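Visitor: What follows is the file run_33.csv, containing CSV, C-alpha atoms and all ligand atoms:
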chain,number,residue,atom,x,y,z
A,1,LYS,CA,99.8,-6.8,-4.2
A,2,GLU,CA,101.8,-4.4,-6.4
A,3,GLN,CA,100.1,-1.3,-7.7
A,4,PRO,CA,98.6,-2.0,-11.2
A,5,THR,CA,100.3,-0.5,-14.2
A,6,GLN,CA,98.1,2.4,-15.1
A,7,ILE,CA,97.8,3.2,-18.7
A,8,LEU,CA,96.0,6.2,-20.2
A,9,VAL,CA,94.4,5.7,-23.6
A,10,LEU,CA,94.1,9.3,-24.7
A,11,ILE,CA,92.0,10.0,-27.8
A,12,HIS,CA,90.2,12.4,-30.0
A,13,SER,CA,87.3,10.9,-31.8
A,14,ASP,CA,84.3,12.4,-33.5
A,15,ASN,CA,82.9,9.6,-35.7
A,16,GLY,CA,83.9,6.9,-33.2
A,17,GLY,CA,86.5,5.1,-35.3
A,18,THR,CA,89.4,6.0,-33.0
A,19,TYR,CA,87.2,5.2,-30.0
A,20,LYS,CA,86.5,1.7,-31.3
A,21,MET,CA,90.3,1.1,-31.7
A,22,ALA,CA,90.9,2.6,-28.2
A,23,LYS,CA,88.5,0.0,-26.7
A,24,GLU,CA,90.3,-2.8,-28.4
A,25,LEU,CA,93.7,-1.4,-27.4
A,26,ALA,CA,92.5,-1.2,-23.8
A,27,LYS,CA,91.4,-4.9,-24.0
A,28,GLY,CA,94.9,-5.8,-25.2
A,29,ILE,CA,96.4,-3.8,-22.3
A,30,GLU,CA,94.2,-5.5,-19.7
A,31,SER,CA,95.0,-8.9,-21.2
A,32,GLN,CA,98.3,-8.5,-19.3
A,33,PRO,CA,98.5,-9.2,-15.5
A,34,ASN,CA,97.9,-6.3,-13.1
A,35,THR,CA,97.3,-3.6,-15.7
A,36,LYS,CA,94.5,-1.0,-15.9
A,37,ALA,CA,93.6,1.0,-19.0
A,38,THR,CA,91.6,4.3,-18.8
A,39,ILE,CA,90.2,5.8,-22.0
A,40,LYS,CA,89.8,9.6,-21.9
A,41,LEU,CA,89.2,12.2,-24.5
A,42,VAL,CA,91.3,15.3,-25.2
A,43,THR,CA,88.2,17.3,-25.6
A,44,THR,CA,84.4,16.6,-25.5
A,45,SER,CA,83.4,14.7,-28.6
A,46,SER,CA,80.9,16.2,-31.1
A,47,ASN,CA,79.5,12.6,-31.2
A,48,SER,CA,76.7,12.3,-28.5
A,49,SER,CA,77.4,8.6,-28.1
A,50,LEU,CA,80.8,9.5,-26.7
A,51,SER,CA,79.6,12.3,-24.5
A,52,THR,CA,79.9,10.2,-21.3
A,53,LEU,CA,83.6,9.6,-21.8
A,54,PRO,CA,85.8,11.6,-19.4
A,55,VAL,CA,88.0,14.4,-20.7
A,56,ALA,CA,91.7,14.3,-19.6
A,57,THR,CA,93.5,17.2,-18.1
A,58,VAL,CA,97.0,17.9,-19.2
A,59,GLU,CA,98.1,17.8,-15.6
A,60,GLU,CA,97.2,14.2,-15.1
A,61,LEU,CA,99.4,12.9,-17.8
A,62,PRO,CA,102.5,12.4,-15.6
A,63,THR,CA,100.6,10.3,-13.2
A,64,TYR,CA,100.4,7.3,-15.6
A,65,ASP,CA,102.9,4.5,-16.3
A,66,GLY,CA,102.2,4.7,-20.0
A,67,ILE,CA,100.2,6.8,-22.4
A,68,ALA,CA,98.7,5.4,-25.7
A,69,TRP,CA,97.7,8.3,-28.0
A,70,GLY,CA,94.9,7.8,-30.6
A,71,SER,CA,93.7,10.3,-33.1
A,72,PRO,CA,91.9,10.6,-36.5
A,73,VAL,CA,94.2,11.4,-39.4
A,74,TYR,CA,93.8,15.0,-40.6
A,75,PHE,CA,95.6,15.8,-43.8
A,76,GLY,CA,98.5,13.4,-43.1
A,77,ASN,CA,98.8,14.7,-39.5
A,78,ILE,CA,97.3,14.4,-36.1
A,79,SER,CA,93.9,15.9,-35.7
A,80,THR,CA,93.4,19.6,-34.8
A,81,PRO,CA,91.9,18.9,-31.3
A,82,MET,CA,94.7,16.4,-30.6
A,83,SER,CA,97.2,19.1,-31.7
A,84,ALA,CA,95.5,21.7,-29.5
A,85,PHE,CA,95.8,19.4,-26.5
A,86,MET,CA,99.5,18.7,-27.3
A,87,SER,CA,100.0,22.5,-27.4
A,88,LYS,CA,98.8,22.8,-23.8
A,89,THR,CA,101.7,20.5,-22.6
A,90,VAL,CA,104.4,23.1,-22.6
A,91,ASP,CA,104.6,23.2,-18.8
A,92,LEU,CA,105.0,19.4,-18.7
A,93,TRP,CA,107.8,19.7,-21.2
A,94,THR,CA,109.6,22.4,-19.2
A,95,ALA,CA,109.3,20.2,-16.1
A,96,HIS,CA,110.6,17.1,-18.0
A,97,ALA,CA,107.4,15.5,-16.7
A,98,LEU,CA,106.7,13.0,-19.5
A,99,GLU,CA,110.4,12.0,-20.0
A,100,GLY,CA,110.9,8.3,-19.9
A,101,ILE,CA,107.2,7.4,-19.9
A,102,PRO,CA,106.3,4.9,-22.6
A,103,ALA,CA,104.1,6.1,-25.4
A,104,THR,CA,102.5,4.4,-28.4
A,105,VAL,CA,100.3,5.7,-31.2
A,106,PHE,CA,97.3,4.6,-33.2
A,107,MET,CA,95.1,6.3,-35.7
A,108,SER,CA,91.8,6.1,-37.5
A,109,ALA,CA,92.2,7.2,-41.1
A,110,GLY,CA,89.5,7.7,-43.9
A,111,SER,CA,91.0,6.5,-47.2
A,112,GLY,CA,94.4,6.0,-45.4
A,113,ALA,CA,96.0,8.8,-47.4
A,114,GLY,CA,99.1,10.0,-45.5
A,115,ARG,CA,98.4,7.8,-42.5
A,116,GLU,CA,102.0,6.7,-42.0
A,117,LEU,CA,103.1,10.3,-42.2
A,118,ALA,CA,100.4,11.1,-39.6
A,119,LEU,CA,101.6,8.3,-37.2
A,120,GLN,CA,105.1,9.5,-37.6
A,121,ALA,CA,104.0,13.1,-36.9
A,122,PHE,CA,102.5,11.9,-33.7
A,123,ALA,CA,105.8,10.3,-32.7
A,124,ASN,CA,107.7,13.5,-33.5
A,125,SER,CA,105.7,15.5,-30.9
A,126,LEU,CA,106.2,12.7,-28.3
A,127,SER,CA,109.9,12.6,-29.0
A,128,VAL,CA,110.1,16.3,-28.0
A,129,HIS,CA,108.7,15.2,-24.7
A,130,GLY,CA,111.4,12.5,-24.4
A,131,MET,CA,108.7,9.7,-24.1
A,132,ILE,CA,109.8,6.2,-24.9
A,133,LEU,CA,108.2,5.4,-28.2
A,134,VAL,CA,106.9,1.9,-28.6
A,135,PRO,CA,106.2,1.0,-32.3
A,136,ASN,CA,104.2,-2.0,-33.2
A,137,GLY,CA,106.5,-3.6,-35.9
A,138,ILE,CA,104.8,-6.4,-37.7
A,139,ARG,CA,103.0,-7.8,-34.6
A,140,ALA,CA,99.8,-9.7,-35.5
A,141,THR,CA,100.2,-9.1,-39.3
A,142,GLU,CA,100.3,-12.9,-39.7
A,143,MET,CA,96.7,-12.8,-38.6
A,144,ILE,CA,95.4,-10.3,-41.1
A,145,ASP,CA,93.1,-10.9,-44.0
A,146,ASN,CA,95.1,-9.7,-47.0
A,147,SER,CA,92.2,-10.0,-49.4
A,148,VAL,CA,90.9,-6.6,-48.2
A,149,PRO,CA,93.0,-3.4,-47.6
A,150,GLN,CA,94.1,-3.1,-44.0
A,151,GLY,CA,95.5,-0.3,-42.0
A,152,ASN,CA,98.6,-2.1,-40.6
A,153,SER,CA,101.7,0.0,-40.1
A,154,VAL,CA,104.9,-0.7,-38.2
A,155,LEU,CA,104.5,2.6,-36.3
A,156,GLY,CA,101.2,1.7,-34.8
A,157,ALA,CA,97.8,0.4,-35.7
A,158,SER,CA,95.5,2.3,-38.0
A,159,SER,CA,92.1,1.8,-39.6
A,160,LEU,CA,90.9,2.6,-43.1
A,161,ALA,CA,87.5,3.8,-41.9
A,162,SER,CA,86.1,4.9,-45.3
A,163,ASN,CA,87.0,1.6,-47.0
A,164,LYS,CA,83.8,-0.3,-46.4
A,165,THR,CA,84.6,-3.6,-48.1
A,166,VAL,CA,84.4,-4.9,-44.5
A,167,GLU,CA,83.1,-3.3,-41.3
A,168,ARG,CA,85.7,-0.9,-39.9
A,169,PRO,CA,87.8,-1.1,-37.8
A,170,SER,CA,88.2,-4.5,-39.6
A,171,LYS,CA,88.8,-7.7,-37.6
A,172,SER,CA,92.4,-7.6,-38.8
A,173,GLU,CA,92.9,-3.9,-37.7
A,174,LEU,CA,91.4,-4.8,-34.3
A,175,ALA,CA,93.7,-7.8,-34.0
A,176,ILE,CA,96.7,-5.5,-34.6
A,177,VAL,CA,95.6,-2.8,-32.1
A,178,TYR,CA,94.9,-5.5,-29.5
A,179,ALA,CA,98.4,-6.9,-30.0
A,180,GLN,CA,99.8,-3.3,-29.8
A,181,GLY,CA,98.0,-2.9,-26.4
A,182,ALA,CA,99.3,-6.1,-25.0
A,183,ASN,CA,102.9,-5.3,-26.0
A,184,PHE,CA,102.5,-1.7,-24.7
A,185,ALA,CA,101.3,-3.0,-21.3
A,186,LYS,CA,104.4,-5.3,-21.1
A,187,VAL,CA,106.8,-2.4,-21.9
A,188,SER,CA,105.0,0.0,-19.5
A,189,THR,CA,105.1,-2.6,-16.7
A,190,ALA,CA,108.8,-3.3,-17.3
A,191,LEU,CA,109.7,0.4,-17.3
A,192,LYS,CA,107.5,1.3,-14.2
A,193,GLY,CA,109.6,3.2,-11.7
A,194,THR,CA,112.4,4.0,-14.1
A,195,PHE,CA,111.2,7.5,-14.5
A,196,VAL,CA,110.7,10.1,-11.8
A,197,LYS,CA,107.2,11.3,-11.4
A,198,GLN,CA,107.4,15.0,-11.3
A,199,ASP,CA,105.4,17.6,-9.5
A,200,ILE,CA,104.1,20.1,-12.0
A,201,PRO,CA,105.1,23.7,-11.2
A,202,ASP,CA,102.4,26.2,-10.1
A,203,ASN,CA,98.9,25.4,-9.0
A,204,LYS,CA,97.8,23.8,-12.2
A,205,THR,CA,98.0,20.4,-10.6
A,206,THR,CA,94.7,21.1,-8.9
A,207,ALA,CA,92.9,21.9,-12.2
A,208,VAL,CA,89.5,20.3,-12.4
A,209,ASP,CA,87.7,19.2,-15.5
A,210,ILE,CA,84.7,21.5,-16.0
A,211,GLU,CA,82.5,18.8,-17.6
A,212,THR,CA,83.1,16.6,-14.6
A,213,VAL,CA,82.0,19.5,-12.3
A,214,LEU,CA,78.9,20.0,-14.4
A,215,LYS,CA,78.0,16.3,-14.1
A,216,GLN,CA,78.8,16.2,-10.3
A,217,LYS,CA,76.6,19.3,-9.7
A,218,ASN,CA,73.9,18.0,-12.0
A,219,ILE,CA,74.1,21.1,-14.1
A,220,THR,CA,72.8,20.6,-17.7
A,221,LEU,CA,73.7,23.3,-20.2
A,222,PRO,CA,70.9,24.3,-22.5
A,223,ILE,CA,71.3,24.5,-26.3
A,224,ALA,CA,72.9,27.9,-27.0
A,225,PRO,CA,70.1,30.2,-28.2
A,226,ASN,CA,70.4,31.5,-31.8
A,227,PRO,CA,70.7,35.3,-32.5
A,228,VAL,CA,67.5,37.0,-33.6
A,229,GLY,CA,69.1,39.9,-35.5
A,230,ASN,CA,72.2,41.0,-37.3
A,231,TYR,CA,74.6,40.0,-34.6
A,232,THR,CA,76.6,36.9,-33.4
A,233,PRO,CA,76.0,34.8,-30.3
A,234,TYR,CA,79.4,35.8,-29.0
A,235,SER,CA,82.2,38.1,-30.1
A,236,GLN,CA,85.9,37.4,-29.6
A,237,ALA,CA,88.5,40.1,-29.2
A,238,GLY,CA,92.0,38.7,-28.5
A,239,ASN,CA,91.5,36.3,-25.6
A,240,LEU,CA,88.2,37.9,-24.5
A,241,ILE,CA,84.8,36.6,-25.2
A,242,PHE,CA,81.7,38.9,-25.0
A,243,ILE,CA,78.2,37.4,-24.6
A,244,ASN,CA,74.8,38.9,-23.9
A,245,GLN,CA,71.7,36.7,-23.1
A,246,VAL,CA,68.2,36.9,-21.8
A,247,ALA,CA,66.0,34.3,-20.1
A,248,LEU,CA,65.2,32.3,-23.2
A,249,LYS,CA,64.3,28.6,-22.5
A,250,ASP,CA,63.2,26.3,-25.4
A,251,GLY,CA,62.3,29.3,-27.5
A,252,LYS,CA,60.2,31.1,-24.8
A,253,ILE,CA,61.1,33.6,-22.1
A,254,LEU,CA,61.1,31.9,-18.7
A,255,TYR,CA,59.1,34.0,-16.1
A,256,PRO,CA,58.7,37.2,-18.2
A,257,GLY,CA,57.8,40.6,-16.8
A,258,LYS,CA,58.6,43.1,-14.1
A,259,VAL,CA,60.1,41.9,-10.8
A,260,GLY,CA,57.6,42.4,-7.9
A,261,VAL,CA,54.8,43.2,-10.3
A,262,ASP,CA,54.4,40.3,-12.8
A,263,ILE,CA,56.8,37.9,-11.2
A,264,THR,CA,58.1,37.1,-7.7
A,265,GLU,CA,61.8,37.5,-6.7
A,266,GLU,CA,62.0,33.7,-6.6
A,267,GLN,CA,60.8,33.5,-10.3
A,268,ALA,CA,63.3,36.3,-11.2
A,269,LYS,CA,66.0,34.2,-9.7
A,270,LYS,CA,65.0,31.2,-11.8
A,271,ALA,CA,65.0,33.5,-14.9
A,272,THR,CA,68.5,34.7,-13.9
A,273,GLU,CA,69.7,31.2,-13.5
A,274,GLN,CA,68.4,30.3,-17.0
A,275,THR,CA,70.0,33.4,-18.4
A,276,MET,CA,73.4,32.5,-16.9
A,277,LEU,CA,73.1,28.9,-18.2
A,278,ASN,CA,72.5,30.4,-21.7
A,279,VAL,CA,75.6,32.5,-21.3
A,280,ILE,CA,77.7,29.4,-20.4
A,281,ALA,CA,76.2,27.4,-23.2
A,282,VAL,CA,77.3,30.1,-25.7
A,283,LEU,CA,80.7,30.3,-24.0
A,284,LYS,CA,81.0,26.5,-24.6
A,285,THR,CA,80.5,27.1,-28.3
A,286,ALA,CA,83.1,29.9,-28.2
A,287,VAL,CA,85.8,27.6,-26.8
A,288,GLY,CA,85.0,24.8,-29.3
A,289,GLY,CA,83.3,22.6,-26.7
A,290,ASP,CA,86.1,22.7,-24.2
A,291,LEU,CA,85.2,24.7,-21.1
A,292,ASN,CA,88.5,23.9,-19.6
A,293,ARG,CA,89.8,26.6,-21.9
A,294,VAL,CA,88.0,29.3,-19.8
A,295,LYS,CA,90.7,31.2,-17.8
A,296,LYS,CA,88.5,33.6,-16.0
A,297,THR,CA,85.0,35.1,-15.7
A,298,VAL,CA,86.1,38.7,-16.1
A,299,GLN,CA,82.9,40.6,-15.6
A,300,LEU,CA,79.1,40.0,-15.3
A,301,THR,CA,76.5,42.8,-15.7
A,302,GLY,CA,72.9,42.0,-14.6
A,303,ILE,CA,70.1,44.2,-15.9
A,304,PHE,CA,66.7,43.6,-14.3
A,305,ASN,CA,63.2,44.6,-15.3
A,306,THR,CA,62.2,46.5,-12.1
A,307,THR,CA,60.1,49.3,-10.7
A,308,PRO,CA,61.9,52.6,-10.0
A,309,ASP,CA,62.1,52.0,-6.3
A,310,TYR,CA,63.5,48.4,-6.5
A,311,SER,CA,66.8,47.9,-4.7
A,312,GLN,CA,67.5,44.1,-4.4
A,313,HIS,CA,69.3,43.7,-7.7
A,314,ALA,CA,72.4,42.2,-6.0
A,315,ASN,CA,70.3,39.5,-4.5
A,316,LEU,CA,69.0,38.4,-7.9
A,317,MET,CA,72.4,38.6,-9.5
A,318,ASN,CA,74.0,36.4,-6.9
A,319,VAL,CA,72.3,33.5,-8.6
A,320,ALA,CA,74.5,34.1,-11.7
A,321,SER,CA,77.6,34.9,-9.7
A,322,ASP,CA,77.3,31.8,-7.6
A,323,LEU,CA,76.8,29.7,-10.7
A,324,SER,CA,80.0,31.1,-12.2
A,325,VAL,CA,82.0,30.2,-9.1
A,326,GLU,CA,80.3,26.9,-8.7
A,327,ILE,CA,81.3,25.9,-12.2
A,328,PHE,CA,84.7,27.5,-12.6
A,329,GLY,CA,85.9,27.7,-9.0
A,330,GLU,CA,88.4,30.5,-8.3
A,331,LYS,CA,88.5,31.3,-12.0
A,332,GLY,CA,84.8,32.0,-11.8
A,333,LYS,CA,85.2,35.1,-9.5
A,334,HIS,CA,84.5,38.3,-11.3
A,335,ALA,CA,83.8,42.0,-11.2
A,336,ARG,CA,80.1,42.8,-11.3
A,337,GLY,CA,77.6,45.4,-12.1
A,338,THR,CA,73.8,45.4,-11.6
A,339,LEU,CA,71.1,47.8,-12.6
A,340,GLY,CA,67.4,48.2,-13.1
A,341,ALA,CA,65.6,48.9,-16.4
A,342,THR,CA,62.0,49.9,-17.2
A,343,SER,CA,62.0,47.3,-20.0
A,344,ILE,CA,64.1,44.5,-21.4
A,345,PRO,CA,63.7,42.9,-24.9
A,346,VAL,CA,61.0,40.3,-25.3
A,347,ASN,CA,59.8,41.2,-21.8
A,348,SER,CA,62.6,39.1,-20.2
A,349,ALA,CA,63.0,39.9,-16.5
A,350,VAL,CA,66.7,39.9,-16.8
A,351,GLU,CA,69.6,40.3,-19.3
A,352,ILE,CA,73.2,39.3,-18.5
A,353,GLN,CA,76.2,40.8,-20.2
A,354,ALA,CA,79.3,38.7,-19.7
A,355,ILE,CA,83.0,38.9,-20.5
A,356,PHE,CA,85.3,35.9,-20.2
A,357,GLU,CA,89.0,35.3,-20.7
A,358,ILE,CA,89.9,32.1,-22.5
A,359,GLU,CA,93.2,30.4,-23.5
B,401,LIG,C1,89.9,17.8,-41.6
B,401,LIG,C2,90.0,16.3,-41.9
B,401,LIG,C3,91.1,15.9,-42.6
B,401,LIG,C4,91.2,14.5,-42.9
B,401,LIG,N1,92.3,14.1,-43.5
B,401,LIG,C5,92.5,12.8,-43.8
B,401,LIG,C6,93.7,12.3,-44.4
B,401,LIG,O1,94.6,13.0,-44.8
B,401,LIG,N2,93.8,11.0,-44.7
B,401,LIG,C7,92.8,10.1,-44.4
B,401,LIG,O2,93.0,8.9,-44.6
B,401,LIG,N3,91.7,10.5,-43.7
B,401,LIG,C8,91.5,11.8,-43.4
B,401,LIG,N4,90.4,12.2,-42.8
B,401,LIG,C9,89.4,11.3,-42.4
B,401,LIG,C10,89.5,10.9,-40.9
B,401,LIG,O3,90.8,10.6,-40.6
B,401,LIG,C11,88.6,9.7,-40.6
B,401,LIG,O4,87.3,10.0,-40.9
B,401,LIG,C12,88.7,9.1,-39.2
B,401,LIG,O5,88.3,7.8,-39.2
B,401,LIG,C13,87.9,9.9,-38.2
B,401,LIG,O6,88.2,9.3,-36.9
B,401,LIG,P1,87.0,9.2,-35.8
B,401,LIG,O7,86.0,8.2,-36.3
B,401,LIG,O8,87.7,8.7,-34.6
B,401,LIG,O9,86.5,10.6,-35.6
B,401,LIG,C14,90.2,13.6,-42.5
B,401,LIG,C15,89.1,14.1,-41.8
B,401,LIG,C16,89.0,15.4,-41.5
B,401,LIG,C17,87.8,15.9,-40.8
Starting from the file, lay out its structure as structure tokens.
Ligand SMILES: Cc1cc2nc3c(=O)[nH]c(=O)nc-3n(C[C@H](O)[C@H](O)[C@H](O)COP(=O)(O)O)c2cc1C
Guide:
Amino acid sequence: KEQPTQILVLIHSDNGGTYKMAKELAKGIESQPNTKATIKLVTTSSNSSLSTLPVATVEELPTYDGIAWGSPVYFGNISTPMSAFMSKTVDLWTAHALEGIPATVFMSAGSGAGRELALQAFANSLSVHGMILVPNGIRATEMIDNSVPQGNSVLGASSLASNKTVERPSKSELAIVYAQGANFAKVSTALKGTFVKQDIPDNKTTAVDIETVLKQKNITLPIAPNPVGNYTPYSQAGNLIFINQVALKDGKILYPGKVGVDITEEQAKKATEQTMLNVIAVLKTAVGGDLNRVKKTVQLTGIFNTTPDYSQHANLMNVASDLSVEIFGEKGKHARGTLGATSIPVNSAVEIQAIFEIE
């Protein structure tokens, strides 16, 4: 049997409107023989009900037979996270990697103000990549209920999410996006094999999605602790992020005290792990939720509450270093310092100071 036509439905969605459209588009795609639609986000959604959706990497885009792009309308344009994702595709553009791949666009708007401008703006970016734009024309408009406002557009489906005369996306809007998906699948299948799948230069092809790594390794990030003084949870200077954390867990210090006196080394390691998870939770806030933007762990400094004769700081700190490498791979390798202190704020056994480079 021939390989199925693989179509990526690539979206940004925070309130879920774009996602509902994406699901219907995917149904339309899969209504066609031997086609498969995969919905992925450009970045983790702020909506917890979408938190299980996978996040796409830029590098995987040229591996599909077609890409359907979906975004909320932001001021008559594509949304900021969609735009940020698009900005990461320069290497693909240089490599002509998306040339000739079919693309189609759909959007969730609020009032609908500027939505056709926004759909067109989407198409502008995709034209720069030389993708084959597949507009929707007046497909399925004969099925729409004209007694309520509808988000139909010849460029691609849209939804008037804040017009609540009917539930949104409305049945009519869903019918249009379904028809768009079905047509897009036909075009993608027809054009399969007419474009050369490119290898992407440099080692970026091996990039892994950090959220997937966290899930695979069963690592749950805590909620980033709030500052308790006149300072910020992180500070950014250029592309560098500076973070300092102690072993706070749910508002209390995990295993407080002096290593070897109040707590065992095993407990100190648990405290170190918690501290490093706090660091990464804050880092996630610093990169707007997208840990794939972390380019490098630059340096980690571990300060431990120890007796004057203690010498196994490195052992304790390995927990934090291992976690960095486990999560970020090669990019997680770093320079490191460790030292002992007679006391640490709020009687934490450990404090970690961290510096990361981000893109
Ligand atoms: C910063 C910002 C700008 C927006 N600008 C527009 C706009 O120009 N026109 C419009 O119709 N809706 C606008 N909206 C509303 C969103 O497009 C709308 O809520 C959309 O349905 C959200 O999609 P989602 O449910 O997938 O997150 C804007 C929303 C935000 C947050």
Visitor: Taking all atoms listed in the file into account, name the residue in A:Lys20, A:Lys269, A:His96, A:Lys215 that is nearest to Ser49 (chain A).
Guide: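 Closest candidate: A:Lys20.
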Visitor: Which of these residues is nearest to ligand LIG 401 (chain B), using only C-alpha atoms and all ligand atoms: A:Trp93, A:Phe106, A:Phe356, A:Tyr64?
Guide: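 Looking only at the distances to ligand LIG 401 (chain B), the closest residue turns out to be A:Phe106.
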Visitor: Counting all atoms listed in the file, what are the residues of chain A within 6 Å of ligand LIG 401 (chain B), and for each of them which pair of atoms is the nearest and at what distance in Å, to one decimal? Sort the table by chain and rising number, as a tab-separated table.
Guide:
residue	atom	partner	partner_atom	distance
A:Ser13	CA	B:LIG401	O8	3.6
A:Asp14	CA	B:LIG401	O9	3.5
A:Asn15	CA	B:LIG401	O7	3.5
A:Gly16	CA	B:LIG401	O7	4.0
A:Gly17	CA	B:LIG401	O7	3.3
A:Thr18	CA	B:LIG401	O8	3.6
A:Tyr19	CA	B:LIG401	O8	5.8
A:Pro72	CA	B:LIG401	O6	3.9
A:Val73	CA	B:LIG401	O3	3.7
A:Tyr74	CA	B:LIG401	N1	3.4
A:Phe75	CA	B:LIG401	O1	3.1
A:Gly76	CA	B:LIG401	O1	4.3
A:Ser108	CA	B:LIG401	O5	4.2
A:Ala109	CA	B:LIG401	O3	3.7
A:Gly110	CA	B:LIG401	N3	3.6
A:Ser111	CA	B:LIG401	O2	4.1
A:Gly112	CA	B:LIG401	O2	3.3
A:Ala113	CA	B:LIG401	O2	4.1
A:Gly114	CA	B:LIG401	N2	5.5
A:Arg115	CA	B:LIG401	O2	5.9
A:Ala161	CA	B:LIG401	O5	4.9
Visitor: Would you mind telling me which residue in A:His129, A:Lys88, A:His334, A:Lys27 lies nearest to Thr301 (chain A) when using only C-alpha atoms?
Guide: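 Smallest distance to Thr301 (chain A) is found for A:His334.
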Visitor: Hey, can you check how far CA of Ala247 (chain A) sits from CA of Asn278 (chain A)?
Guide: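 CA of Asn278 (chain A) lies at a distance of 7.7 Å from CA of Ala247 (chain A).
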Visitor: Can you pull out the residues contacting Ser348 (chain A)? Cut-off 12 Å, using only C-alpha atoms, and skip same-chain residues under 5 positions away; I want them as an MDAnalysis selection string.
Guide: chainID A and resid 245:249 252:259 262:263 267:268 270:272 274:275 303:306 341:343
Visitor: Write out, as a CSV table (one decimal), in the coordinates of the input, the residues just selected, with C-alpha atoms.
Guide:
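Saved to selection00.csv:
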chain,number,residue,atom,x,y,z
A,245,GLN,CA,71.7,36.7,-23.1
A,246,VAL,CA,68.2,36.9,-21.8
A,247,ALA,CA,66.0,34.3,-20.1
A,248,LEU,CA,65.2,32.3,-23.2
A,249,LYS,CA,64.3,28.6,-22.5
A,252,LYS,CA,60.2,31.1,-24.8
A,253,ILE,CA,61.1,33.6,-22.1
A,254,LEU,CA,61.1,31.9,-18.7
A,255,TYR,CA,59.1,34.0,-16.1
A,256,PRO,CA,58.7,37.2,-18.2
A,257,GLY,CA,57.8,40.6,-16.8
A,258,LYS,CA,58.6,43.1,-14.1
A,259,VAL,CA,60.1,41.9,-10.8
A,262,ASP,CA,54.4,40.3,-12.8
A,263,ILE,CA,56.8,37.9,-11.2
A,267,GLN,CA,60.8,33.5,-10.3
A,268,ALA,CA,63.3,36.3,-11.2
A,270,LYS,CA,65.0,31.2,-11.8
A,271,ALA,CA,65.0,33.5,-14.9
A,272,THR,CA,68.5,34.7,-13.9
A,274,GLN,CA,68.4,30.3,-17.0
A,275,THR,CA,70.0,33.4,-18.4
A,303,ILE,CA,70.1,44.2,-15.9
A,304,PHE,CA,66.7,43.6,-14.3
A,305,ASN,CA,63.2,44.6,-15.3
A,306,THR,CA,62.2,46.5,-12.1
A,341,ALA,CA,65.6,48.9,-16.4
A,342,THR,CA,62.0,49.9,-17.2
A,343,SER,CA,62.0,47.3,-20.0
Visitor: Taking only C-alpha atoms into account, name the residue in A:Gly238, A:Pro222, A:Pro308, A:Pro54 that is nearest to Met276 (chain A).
Guide: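 Counting only C-alpha atoms, the residue closest to Met276 (chain A) is A:Pro222.
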Visitor: Please compute the CA of Ile138 (chain A)-CA of Ala157 (chain A) distance, one decimal, in Å.
Guide: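 So the two atoms, CA of Ile138 (chain A) and CA of Ala157 (chain A), lie 10.0 Å apart.
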Visitor: Would you list the contacts of Glu326 (chain A) as a CSV table (one decimal) with C-alpha atoms, in the coordinates of the input, taking every protein, DNA or RNA residue within 12 Å and counting only C-alpha atoms, but skipping same-chain residues closer than 3 positions in sequence?
Guide:
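Output below, filename part.csv:
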chain,number,residue,atom,x,y,z
A,208,VAL,CA,89.5,20.3,-12.4
A,210,ILE,CA,84.7,21.5,-16.0
A,213,VAL,CA,82.0,19.5,-12.3
A,214,LEU,CA,78.9,20.0,-14.4
A,216,GLN,CA,78.8,16.2,-10.3
A,217,LYS,CA,76.6,19.3,-9.7
A,218,ASN,CA,73.9,18.0,-12.0
A,219,ILE,CA,74.1,21.1,-14.1
A,297,THR,CA,85.0,35.1,-15.7
A,318,ASN,CA,74.0,36.4,-6.9
A,319,VAL,CA,72.3,33.5,-8.6
A,320,ALA,CA,74.5,34.1,-11.7
A,321,SER,CA,77.6,34.9,-9.7
A,322,ASP,CA,77.3,31.8,-7.6
A,323,LEU,CA,76.8,29.7,-10.7
A,329,GLY,CA,85.9,27.7,-9.0
A,330,GLU,CA,88.4,30.5,-8.3
A,331,LYS,CA,88.5,31.3,-12.0
A,332,GLY,CA,84.8,32.0,-11.8
A,333,LYS,CA,85.2,35.1,-9.5
Visitor: Using all atoms listed in the file for the distances, tell me which of A:Thr194, A:Thr104, A:Ser127, A:Ala224 is nearest to Gly156 (chain A).
Guide: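 Looking at the shortest contact to Gly156 (chain A), the residue is A:Thr104.
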